file model-v1.txt (compact mmCIF, C-alpha atoms)
# COMPACT_ATOMS: atom_id res chain seq x y z
CA MET Y 1 -124.24 13.59 32.87
CA PRO Y 2 -122.12 14.04 36.00
CA ALA Y 3 -120.52 10.63 35.52
CA SER Y 4 -119.64 11.28 31.92
CA ALA Y 5 -118.16 14.66 32.82
CA GLU Y 6 -115.83 13.12 35.32
CA ILE Y 7 -114.71 10.61 32.75
CA ALA Y 8 -114.04 13.38 30.23
CA VAL Y 9 -112.12 15.36 32.77
CA ALA Y 10 -110.15 12.31 33.64
CA ASP Y 11 -109.34 11.69 29.98
CA THR Y 12 -108.10 15.25 29.47
CA VAL Y 13 -105.65 15.21 32.36
CA ALA Y 14 -102.08 15.50 31.01
CA PRO Y 15 -99.97 12.49 31.59
CA SER Y 16 -97.32 12.73 34.30
CA VAL Y 17 -93.90 14.08 33.16
CA ALA Y 18 -91.03 11.64 33.57
CA PRO Y 19 -88.22 12.81 35.88
CA SER Y 20 -85.28 14.47 33.98
CA ARG Y 21 -81.84 12.62 33.76
CA ARG Y 22 -78.40 14.40 33.77
CA PRO Y 23 -76.17 13.78 30.71
CA VAL Y 24 -73.35 11.31 31.28
CA ARG Y 25 -69.84 12.47 30.24
CA PRO Y 26 -67.80 10.02 28.24
CA GLU Y 27 -64.83 8.51 29.92
CA ARG Y 28 -61.66 10.54 29.53
CA ARG Y 29 -59.20 8.93 27.23
CA HIS Y 30 -55.61 8.57 28.18
CA THR Y 31 -53.16 10.99 26.63
CA SER Y 32 -51.20 9.61 23.71
CA PRO Y 33 -47.68 8.55 24.70
CA ILE Y 34 -46.35 10.55 21.75
CA SER Y 35 -47.38 13.84 23.34
CA ASN Y 36 -45.52 12.86 26.50
CA LEU Y 37 -42.20 12.63 24.74
CA PRO Y 38 -39.84 15.57 25.31
CA ASP Y 39 -38.95 17.98 22.54
CA SER Y 40 -35.23 17.40 22.95
CA PHE Y 41 -32.92 14.78 24.41
CA PRO Y 42 -29.85 15.84 26.38
CA ILE Y 43 -26.92 13.77 25.19
CA GLY Y 44 -24.07 15.35 27.16
CA ASP Y 45 -21.17 16.92 25.30
CA PRO Y 46 -21.87 18.34 21.83
CA LEU Y 47 -21.04 15.96 19.02
CA LYS Y 48 -18.51 16.95 16.37
CA SER Y 49 -19.98 14.63 13.78
CA PRO Y 50 -23.50 13.68 12.61
CA ALA Y 51 -25.47 11.43 14.98
CA LEU Y 52 -28.71 9.46 14.93
CA VAL Y 53 -31.12 9.21 17.89
CA VAL Y 54 -32.70 5.77 18.22
CA LEU Y 55 -35.90 5.20 20.23
CA ASP Y 56 -36.41 2.10 22.33
CA SER Y 57 -39.50 0.56 20.78
CA LEU Y 58 -42.62 1.35 18.81
CA SER Y 59 -45.66 -0.95 18.66
CA ALA Y 60 -49.11 -0.76 17.04
CA ARG Y 61 -52.26 -2.54 18.16
CA GLY Y 62 -55.38 -2.10 16.15
CA ASP Y 63 -55.93 1.63 15.57
CA SER Y 64 -53.61 2.80 18.37
CA VAL Y 65 -49.87 3.30 18.52
CA SER Y 66 -47.89 3.01 21.73
CA ILE Y 67 -44.31 3.96 22.51
CA VAL Y 68 -42.50 2.44 25.41
CA PRO Y 69 -41.21 5.21 27.71
CA ILE Y 70 -37.45 5.55 27.54
CA ASP Y 71 -34.98 6.38 30.23
CA SER Y 72 -31.95 6.74 27.96
CA VAL Y 73 -31.28 7.58 24.34
CA ALA Y 74 -28.87 5.58 22.20
CA VAL Y 75 -26.71 7.77 19.96
CA ILE Y 76 -24.91 6.36 16.96
CA ASN Y 77 -21.92 8.48 16.00
CA ALA Y 78 -20.95 8.85 12.37
CA PRO Y 79 -17.19 9.38 12.19
CA LEU Y 80 -17.38 10.32 8.53
CA ILE Y 81 -19.75 12.53 6.60
CA ALA Y 82 -22.22 9.81 5.77
CA LYS Y 83 -25.84 8.80 5.99
CA THR Y 84 -27.10 5.83 7.94
CA ASP Y 85 -30.06 3.64 7.29
CA SER Y 86 -31.31 0.41 8.76
CA VAL Y 87 -30.27 -2.73 6.97
CA GLY Y 88 -31.26 -6.07 8.41
CA GLY Y 89 -32.00 -4.72 11.86
CA GLY Y 90 -28.66 -2.86 12.11
CA PHE Y 91 -27.19 0.29 10.69
CA ALA Y 92 -25.02 0.43 7.59
CA GLU Y 93 -22.85 3.40 6.74
CA LYS Y 94 -22.94 4.96 3.28
CA LYS Y 95 -19.69 6.71 2.36
CA PHE Y 96 -19.77 9.48 -0.21
CA THR Y 97 -17.02 9.94 -2.78
CA PHE Y 98 -14.99 13.09 -2.25
CA VAL Y 99 -15.32 15.47 -5.22
CA PRO Y 100 -12.96 18.46 -4.96
CA ASP Y 101 -14.02 21.89 -6.17
CA PRO Y 102 -11.54 23.27 -8.77
CA THR Y 103 -12.23 26.92 -7.86
CA LYS Y 104 -11.65 26.28 -4.18
CA ALA Y 105 -8.49 24.33 -4.93
CA VAL Y 106 -7.08 27.25 -6.97
CA TRP Y 107 -7.82 29.82 -4.27
CA MET Y 108 -6.30 27.65 -1.56
CA SER Y 109 -3.18 27.12 -3.64
CA ALA Y 110 -2.97 30.87 -4.27
CA LEU Y 111 -3.27 31.53 -0.55
CA PHE Y 112 -0.37 29.22 0.29
CA PRO Y 113 1.57 27.00 -2.16
CA GLY Y 114 0.80 23.37 -1.47
CA LEU Y 115 -2.50 24.00 0.29
CA GLY Y 116 -4.45 23.16 -2.88
CA GLN Y 117 -2.65 19.83 -3.11
CA LEU Y 118 -3.65 19.06 0.47
CA TYR Y 119 -7.27 19.94 -0.35
CA ASN Y 120 -7.20 17.57 -3.34
CA ARG Y 121 -5.75 14.86 -1.05
CA ARG Y 122 -2.60 14.58 -3.14
CA TYR Y 123 -0.32 14.51 -0.15
CA TRP Y 124 2.72 13.24 -2.03
CA LYS Y 125 2.87 16.50 -4.01
CA LEU Y 126 3.24 18.67 -0.92
CA PRO Y 127 6.97 17.91 -0.33
CA ILE Y 128 7.68 18.70 -3.99
CA VAL Y 129 6.01 22.12 -3.88
CA VAL Y 130 7.32 23.09 -0.44
CA GLY Y 131 10.79 21.72 -1.19
CA GLY Y 132 10.94 23.66 -4.46
CA PHE Y 133 10.02 26.91 -2.73
CA MET Y 134 12.46 26.37 0.12
CA GLY Y 135 15.31 25.47 -2.24
CA LEU Y 136 14.69 28.44 -4.52
CA GLY Y 137 14.31 30.75 -1.52
CA TYR Y 138 17.65 29.64 -0.12
CA ALA Y 139 19.36 30.04 -3.51
CA MET Y 140 17.88 33.51 -3.96
CA ASN Y 141 19.07 34.60 -0.51
CA TRP Y 142 22.58 33.24 -1.07
CA ASN Y 143 22.95 34.88 -4.50
CA ASN Y 144 21.62 38.15 -3.14
CA THR Y 145 24.20 38.08 -0.32
CA MET Y 146 27.03 37.43 -2.78
CA LEU Y 147 25.72 40.15 -5.06
CA ARG Y 148 25.76 42.64 -2.21
CA ASP Y 149 29.36 41.76 -1.29
CA TYR Y 150 30.67 41.93 -4.86
CA THR Y 151 28.78 45.15 -5.56
CA ARG Y 152 30.42 46.82 -2.57
CA ALA Y 153 33.84 45.46 -3.56
CA TYR Y 154 33.42 46.69 -7.13
CA SER Y 155 32.42 50.13 -5.87
CA ASP Y 156 35.47 50.27 -3.59
CA ILE Y 157 37.93 49.35 -6.32
CA MET Y 158 36.44 51.91 -8.70
CA ASP Y 159 36.80 54.90 -6.34
CA ASN Y 160 40.03 56.71 -5.48
CA ASP Y 161 39.77 56.26 -1.73
CA PRO Y 162 42.56 53.87 -0.53
CA SER Y 163 40.76 53.27 2.80
CA THR Y 164 37.86 51.49 1.10
CA ASN Y 165 39.26 48.12 0.14
CA SER Y 166 36.54 45.59 0.95
CA TYR Y 167 37.63 43.57 -2.09
CA MET Y 168 40.61 42.37 -0.02
CA ASP Y 169 38.17 40.30 2.07
CA PHE Y 170 38.03 37.77 -0.80
CA PHE Y 171 41.78 37.05 -0.42
CA ALA Y 172 43.82 35.47 2.31
CA PRO Y 173 45.38 37.75 4.94
CA THR Y 174 48.88 37.01 3.58
CA VAL Y 175 48.08 38.53 0.15
CA ASN Y 176 49.49 42.01 -0.39
CA GLU Y 177 47.25 44.51 -2.17
CA ALA Y 178 50.19 46.01 -4.06
CA ASP Y 179 50.89 42.62 -5.69
CA LEU Y 180 47.41 42.43 -7.27
CA ASN Y 181 46.60 43.38 -10.84
CA LYS Y 182 43.89 46.04 -10.43
CA GLU Y 183 42.65 45.73 -14.02
CA TRP Y 184 42.23 41.96 -13.73
CA LEU Y 185 40.60 42.30 -10.32
CA THR Y 186 38.18 44.98 -11.58
CA ASN Y 187 37.03 42.80 -14.47
CA LEU Y 188 36.65 39.80 -12.15
CA LEU Y 189 34.53 41.72 -9.65
CA ARG Y 190 32.31 43.08 -12.40
CA GLN Y 191 31.77 39.61 -13.89
CA ARG Y 192 30.97 38.08 -10.50
CA LYS Y 193 28.58 40.92 -9.68
CA ASN Y 194 26.66 40.46 -12.94
CA MET Y 195 26.63 36.67 -12.53
CA TYR Y 196 25.12 36.74 -9.04
CA ARG Y 197 22.55 39.33 -10.09
CA ARG Y 198 21.49 37.11 -12.99
CA GLN Y 199 21.26 34.03 -10.78
CA ARG Y 200 19.22 35.91 -8.15
CA ASP Y 201 16.76 37.13 -10.76
CA LEU Y 202 16.51 33.63 -12.20
CA CYS Y 203 15.63 32.26 -8.75
CA VAL Y 204 12.87 34.84 -8.38
CA ILE Y 205 11.46 33.93 -11.80
CA CYS Y 206 11.57 30.23 -10.90
CA MET Y 207 9.73 30.87 -7.63
CA VAL Y 208 6.96 32.67 -9.52
CA GLY Y 209 6.87 29.76 -11.98
CA VAL Y 210 6.55 27.18 -9.17
CA TYR Y 211 3.77 29.28 -7.63
CA LEU Y 212 1.81 29.34 -10.90
CA VAL Y 213 2.48 25.66 -11.60
CA ALA Y 214 1.15 24.75 -8.15
CA MET Y 215 -2.06 26.68 -8.85
CA ILE Y 216 -2.50 25.07 -12.28
CA ASP Y 217 -1.77 21.61 -10.87
CA ALA Y 218 -4.36 22.09 -8.10
CA TYR Y 219 -7.01 23.16 -10.63
CA VAL Y 220 -6.31 20.38 -13.14
CA ASP Y 221 -6.07 17.76 -10.41
CA ALA Y 222 -9.44 18.80 -8.94
CA GLN Y 223 -11.03 19.01 -12.40
CA LEU Y 224 -9.82 15.53 -13.41
CA ALA Y 225 -10.24 13.90 -10.01
CA HIS Y 226 -12.84 11.46 -11.36
CA PHE Y 227 -11.82 11.42 -15.00
CA ASP Y 228 -12.01 8.00 -16.63
CA ILE Y 229 -8.41 6.82 -17.05
CA SER Y 230 -9.14 3.18 -17.79
CA PRO Y 231 -6.35 1.59 -19.86
CA ASP Y 232 -8.54 0.97 -22.93
CA LEU Y 233 -5.99 1.42 -25.71
CA SER Y 234 -6.54 0.04 -29.18
CA VAL Y 235 -5.33 0.54 -32.73
CA ASP Y 236 -7.60 0.30 -35.77
CA ILE Y 237 -5.93 -0.52 -39.09
CA ALA Y 238 -7.85 -0.56 -42.35
CA PRO Y 239 -6.97 -0.33 -46.07
CA ALA Y 240 -7.59 3.00 -47.75
CA LEU Y 241 -7.91 4.18 -51.34
CA LEU Y 242 -5.89 7.31 -52.02
CA PRO Y 243 -7.69 9.93 -54.12
CA THR Y 244 -6.53 10.57 -57.65
CA GLU Y 245 -5.92 14.27 -56.95
CA THR Y 246 -2.87 13.43 -54.86
CA ARG Y 247 -1.34 11.22 -57.54
CA LYS Y 248 0.86 12.68 -60.27
CA ASN Y 249 -0.12 10.10 -62.86
CA GLY Y 250 -3.86 10.51 -62.11
CA LEU Y 251 -4.31 6.89 -61.05
CA PRO Y 252 -5.72 5.92 -57.65
CA GLY Y 253 -3.41 4.41 -55.07
CA LEU Y 254 -3.76 1.96 -52.22
CA GLY Y 255 -2.70 2.74 -48.65
CA VAL Y 256 -3.25 1.88 -45.03
CA CYS Y 257 -5.27 3.97 -42.57
CA TRP Y 258 -4.69 3.51 -38.85
CA ALA Y 259 -6.08 5.22 -35.73
CA VAL Y 260 -5.11 5.01 -32.06
CA ASN Y 261 -7.92 5.05 -29.49
CA PHE Y 262 -7.09 6.21 -25.95

call {"tool": "encode", "arguments": {"input": "model-v1.txt", "output": "structure tokens"}}
result
Amino acid sequence: MPASAEIAVADTVAPSVAPSRRPVRPERRHTSPISNLPDSFPIGDPLKSPALVVLDSLSARGDSVSIVPIDSVAVINAPLIAKTDSVGGGFAEKKFTFVPDPTKAVWMSALFPGLGQLYNRRYWKLPIVVGGFMGLGYAMNWNNTMLRDYTRAYSDIMDNDPSTNSYMDFFAPTVNEADLNKEWLTNLLRQRKNMYRRQRDLCVICMVGVYLVAMIDAYVDAQLAHFDISPDLSVDIAPALLPTETRKNGLPGLGVCWAVNF
């Protein structure tokens, strides 16, 4: 009995507990090179035109992407309003066709005559518009000056004051006032005064007309900037049978029908 009890006690003894082991942390991975890149690149003076920032290199190996650190940034200037894309390892420039806005062209021409033509890039029209305004402005000023002189002379000859004789300024100093025919001179001054007033008013009307024509030209030029003006002219000629209603004898007639395509 005692021997068996010791064996039973020995069998019921709990097995020894294995010593505990501390968890092992995984190795820290390196930070992705992308997160090390700065948010902005200083490029010196501000650019006045669109630019493209080009990185040095980008490579992929397996499931990881690596970027070679850069010390400088290459900037490609775009002198025109254009987009750039890579073509064959380089950069090709795409130029957009200029399409003028008719409303903007009209307002610019209304602001200053000739400015709408500059906006539409019709530079050869600018001397015409500006020259027309300058010529009409000079003619209006000259006619207005002559009108003022003849108006004062006509007023002086119509009054009874002998000291007011500005009409004698139109004659040479050797001409005697007593030798002049006052009736003839009065009619001449009145005709000249009316003539210069009419010419001055005509110059003003022409200036308004040039102003409106410049606005209309700027609008039409911008509206038809890309209108198809291909020289595709043709004439179609075909025989035609005239209706009996147009004939006095009630019999049909033969004719020719032609159309011009442009």

call {"tool": "atom_distance", "arguments": {"input": "model-v1.txt", "atom1": "CA of Asn144 in chain Y", "atom2": "CA of Ala172 in chain Y"}}
result
23.0 Å

call {"tool": "closest_residue", "arguments": {"input": "model-v1.txt", "among": "Y:Leu188, Y:Gln223, Y:Ile128, Y:Asn261", "to": "Pro113 in chain Y", "atoms": "only C-alpha atoms"}}
result
Y:Ile128

call {"tool": "residues_around", "arguments": {"input": "model-v1.txt", "residues": "Val220 in chain Y", "least_positions_apart": "4", "cutoff": "8 Å", "atoms": "only C-alpha atoms", "output": "PyMOL selection string"}}
result
chain Y and resi 102+216+224

call {"tool": "closest_residue", "arguments": {"input": "model-v1.txt", "among": "Y:Cys203, Y:Ala259, Y:Val175, Y:Leu189", "to": "Arg152 in chain Y", "atoms": "all atoms listed in the file"}}
result
Y:Leu189

call {"tool": "residues_around", "arguments": {"input": "model-v1.txt", "residues": "range 204-215 of chain Y", "least_positions_apart": "4", "cutoff": "10 Å", "atoms": "all atoms listed in the file", "output": "mmCIF file with C-alpha atoms, in the coordinates of the input"}}
result
data_model
loop_
_atom_site.group_PDB
_atom_site.id
_atom_site.type_symbol
_atom_site.label_atom_id
_atom_site.label_comp_id
_atom_site.auth_asym_id
_atom_site.auth_seq_id
_atom_site.Cartn_x
_atom_site.Cartn_y
_atom_site.Cartn_z
ATOM 1 C CA ALA Y 105 -8.490 24.330 -4.930
ATOM 2 C CA VAL Y 106 -7.080 27.250 -6.970
ATOM 3 C CA TRP Y 107 -7.820 29.820 -4.270
ATOM 4 C CA MET Y 108 -6.300 27.650 -1.560
ATOM 5 C CA SER Y 109 -3.180 27.120 -3.640
ATOM 6 C CA ALA Y 110 -2.970 30.870 -4.270
ATOM 7 C CA LEU Y 111 -3.270 31.530 -0.550
ATOM 8 C CA PHE Y 112 -0.370 29.220 0.290
ATOM 9 C CA PRO Y 113 1.570 27.000 -2.160
ATOM 10 C CA GLY Y 114 0.800 23.370 -1.470
ATOM 11 C CA LEU Y 115 -2.500 24.000 0.290
ATOM 12 C CA GLY Y 116 -4.450 23.160 -2.880
ATOM 13 C CA GLN Y 117 -2.650 19.830 -3.110
ATOM 14 C CA LYS Y 125 2.870 16.500 -4.010
ATOM 15 C CA LEU Y 126 3.240 18.670 -0.920
ATOM 16 C CA ILE Y 128 7.680 18.700 -3.990
ATOM 17 C CA VAL Y 129 6.010 22.120 -3.880
ATOM 18 C CA VAL Y 130 7.320 23.090 -0.440
ATOM 19 C CA GLY Y 132 10.940 23.660 -4.460
ATOM 20 C CA PHE Y 133 10.020 26.910 -2.730
ATOM 21 C CA MET Y 134 12.460 26.370 0.120
ATOM 22 C CA GLY Y 135 15.310 25.470 -2.240
ATOM 23 C CA LEU Y 136 14.690 28.440 -4.520
ATOM 24 C CA GLY Y 137 14.310 30.750 -1.520
ATOM 25 C CA ALA Y 139 19.360 30.040 -3.510
ATOM 26 C CA MET Y 140 17.880 33.510 -3.960
ATOM 27 C CA GLN Y 199 21.260 34.030 -10.780
ATOM 28 C CA ARG Y 200 19.220 35.910 -8.150
ATOM 29 C CA TYR Y 219 -7.010 23.160 -10.630
ATOM 30 C CA VAL Y 220 -6.310 20.380 -13.140
ATOM 31 C CA ASP Y 221 -6.070 17.760 -10.410
#

call {"tool": "atom_distance", "arguments": {"input": "model-v1.txt", "atom1": "CA of Leu118 in chain Y", "atom2": "CA of Asp217 in chain Y"}}
result
11.8 Å

call {"tool": "residues_around", "arguments": {"input": "model-v1.txt", "residues": "Tyr167 in chain Y", "least_positions_apart": "2", "cutoff": "10 Å", "atoms": "only C-alpha atoms", "output": "number ranges by chain"}}
result
Y: 149-157, 164-165, 169-171, 177, 185-186, 189

call {"tool": "atom_distance", "arguments": {"input": "model-v1.txt", "atom1": "CA of Arg148 in chain Y", "atom2": "CA of Pro173 in chain Y"}}
result
21.4 Å

call {"tool": "residues_near_point", "arguments": {"input": "model-v1.txt", "point": "(-11.7, 12.7, -10.4)", "cutoff": "10 Å", "atoms": "all atoms listed in the file", "output": "short mmCIF file (atom, residue, chain, number, x, y, z; two decimals) with C-alpha atoms, in the coordinates of the input"}}
result
data_model
loop_
_atom_site.label_atom_id
_atom_site.label_comp_id
_atom_site.auth_asym_id
_atom_site.auth_seq_id
_atom_site.Cartn_x
_atom_site.Cartn_y
_atom_site.Cartn_z
CA THR Y 97 -17.02 9.94 -2.78
CA PHE Y 98 -14.99 13.09 -2.25
CA VAL Y 99 -15.32 15.47 -5.22
CA PRO Y 100 -12.96 18.46 -4.96
CA ASN Y 120 -7.20 17.57 -3.34
CA VAL Y 220 -6.31 20.38 -13.14
CA ASP Y 221 -6.07 17.76 -10.41
CA ALA Y 222 -9.44 18.80 -8.94
CA GLN Y 223 -11.03 19.01 -12.40
CA LEU Y 224 -9.82 15.53 -13.41
CA ALA Y 225 -10.24 13.90 -10.01
CA HIS Y 226 -12.84 11.46 -11.36
CA PHE Y 227 -11.82 11.42 -15.00
CA ASP Y 228 -12.01 8.00 -16.63
CA ILE Y 229 -8.41 6.82 -17.05
#

call {"tool": "residues_around", "arguments": {"input": "model-v1.txt", "residues": "Trp258 in chain Y", "least_positions_apart": "4", "cutoff": "10 Å", "atoms": "all atoms listed in the file", "output": "PyMOL selection string"}}
result
chain Y and resi 235-240

call {"tool": "decode", "arguments": {"input": "model-v1.txt", "residues": "range 182-197 of chain Y", "atoms": "N, CA and C atoms", "output": "compact mmCIF listing (two decimals), in the first residue's frame"}}
result
# COMPACT_ATOMS: atom_id res chain seq x y z
N LYS Y 182 -20.37 146.58 -98.49
CA LYS Y 182 -20.84 145.97 -97.24
C LYS Y 182 -21.89 144.88 -97.51
N GLU Y 183 -22.73 145.10 -98.51
CA GLU Y 183 -23.76 144.08 -98.79
C GLU Y 183 -23.12 142.80 -99.29
N TRP Y 184 -22.16 142.93 -100.22
CA TRP Y 184 -21.46 141.73 -100.70
C TRP Y 184 -20.68 141.05 -99.58
N LEU Y 185 -20.04 141.83 -98.74
CA LEU Y 185 -19.25 141.26 -97.66
C LEU Y 185 -20.14 140.58 -96.62
N THR Y 186 -21.32 141.14 -96.37
CA THR Y 186 -22.24 140.52 -95.41
C THR Y 186 -22.73 139.17 -95.91
N ASN Y 187 -23.09 139.10 -97.19
CA ASN Y 187 -23.53 137.82 -97.75
C ASN Y 187 -22.40 136.79 -97.75
N LEU Y 188 -21.18 137.23 -98.04
CA LEU Y 188 -20.03 136.32 -98.05
C LEU Y 188 -19.75 135.77 -96.66
N LEU Y 189 -19.80 136.62 -95.66
CA LEU Y 189 -19.54 136.14 -94.29
C LEU Y 189 -20.63 135.18 -93.83
N ARG Y 190 -21.86 135.44 -94.19
CA ARG Y 190 -22.94 134.54 -93.81
C ARG Y 190 -22.80 133.18 -94.49
N GLN Y 191 -22.44 133.17 -95.77
CA GLN Y 191 -22.25 131.91 -96.47
C GLN Y 191 -21.08 131.11 -95.90
N ARG Y 192 -19.98 131.79 -95.62
CA ARG Y 192 -18.83 131.08 -95.05
C ARG Y 192 -19.16 130.54 -93.65
N LYS Y 193 -19.89 131.32 -92.88
CA LYS Y 193 -20.26 130.85 -91.53
C LYS Y 193 -21.13 129.60 -91.59
N ASN Y 194 -22.10 129.58 -92.47
CA ASN Y 194 -22.96 128.41 -92.60
C ASN Y 194 -22.19 127.20 -93.17
N MET Y 195 -21.26 127.48 -94.09
CA MET Y 195 -20.48 126.39 -94.68
C MET Y 195 -19.60 125.71 -93.63
N TYR Y 196 -18.91 126.48 -92.82
CA TYR Y 196 -18.02 125.88 -91.82
C TYR Y 196 -18.81 125.19 -90.70
N ARG Y 197 -20.00 125.70 -90.40
CA ARG Y 197 -20.83 125.01 -89.42
C ARG Y 197 -21.28 123.65 -89.96
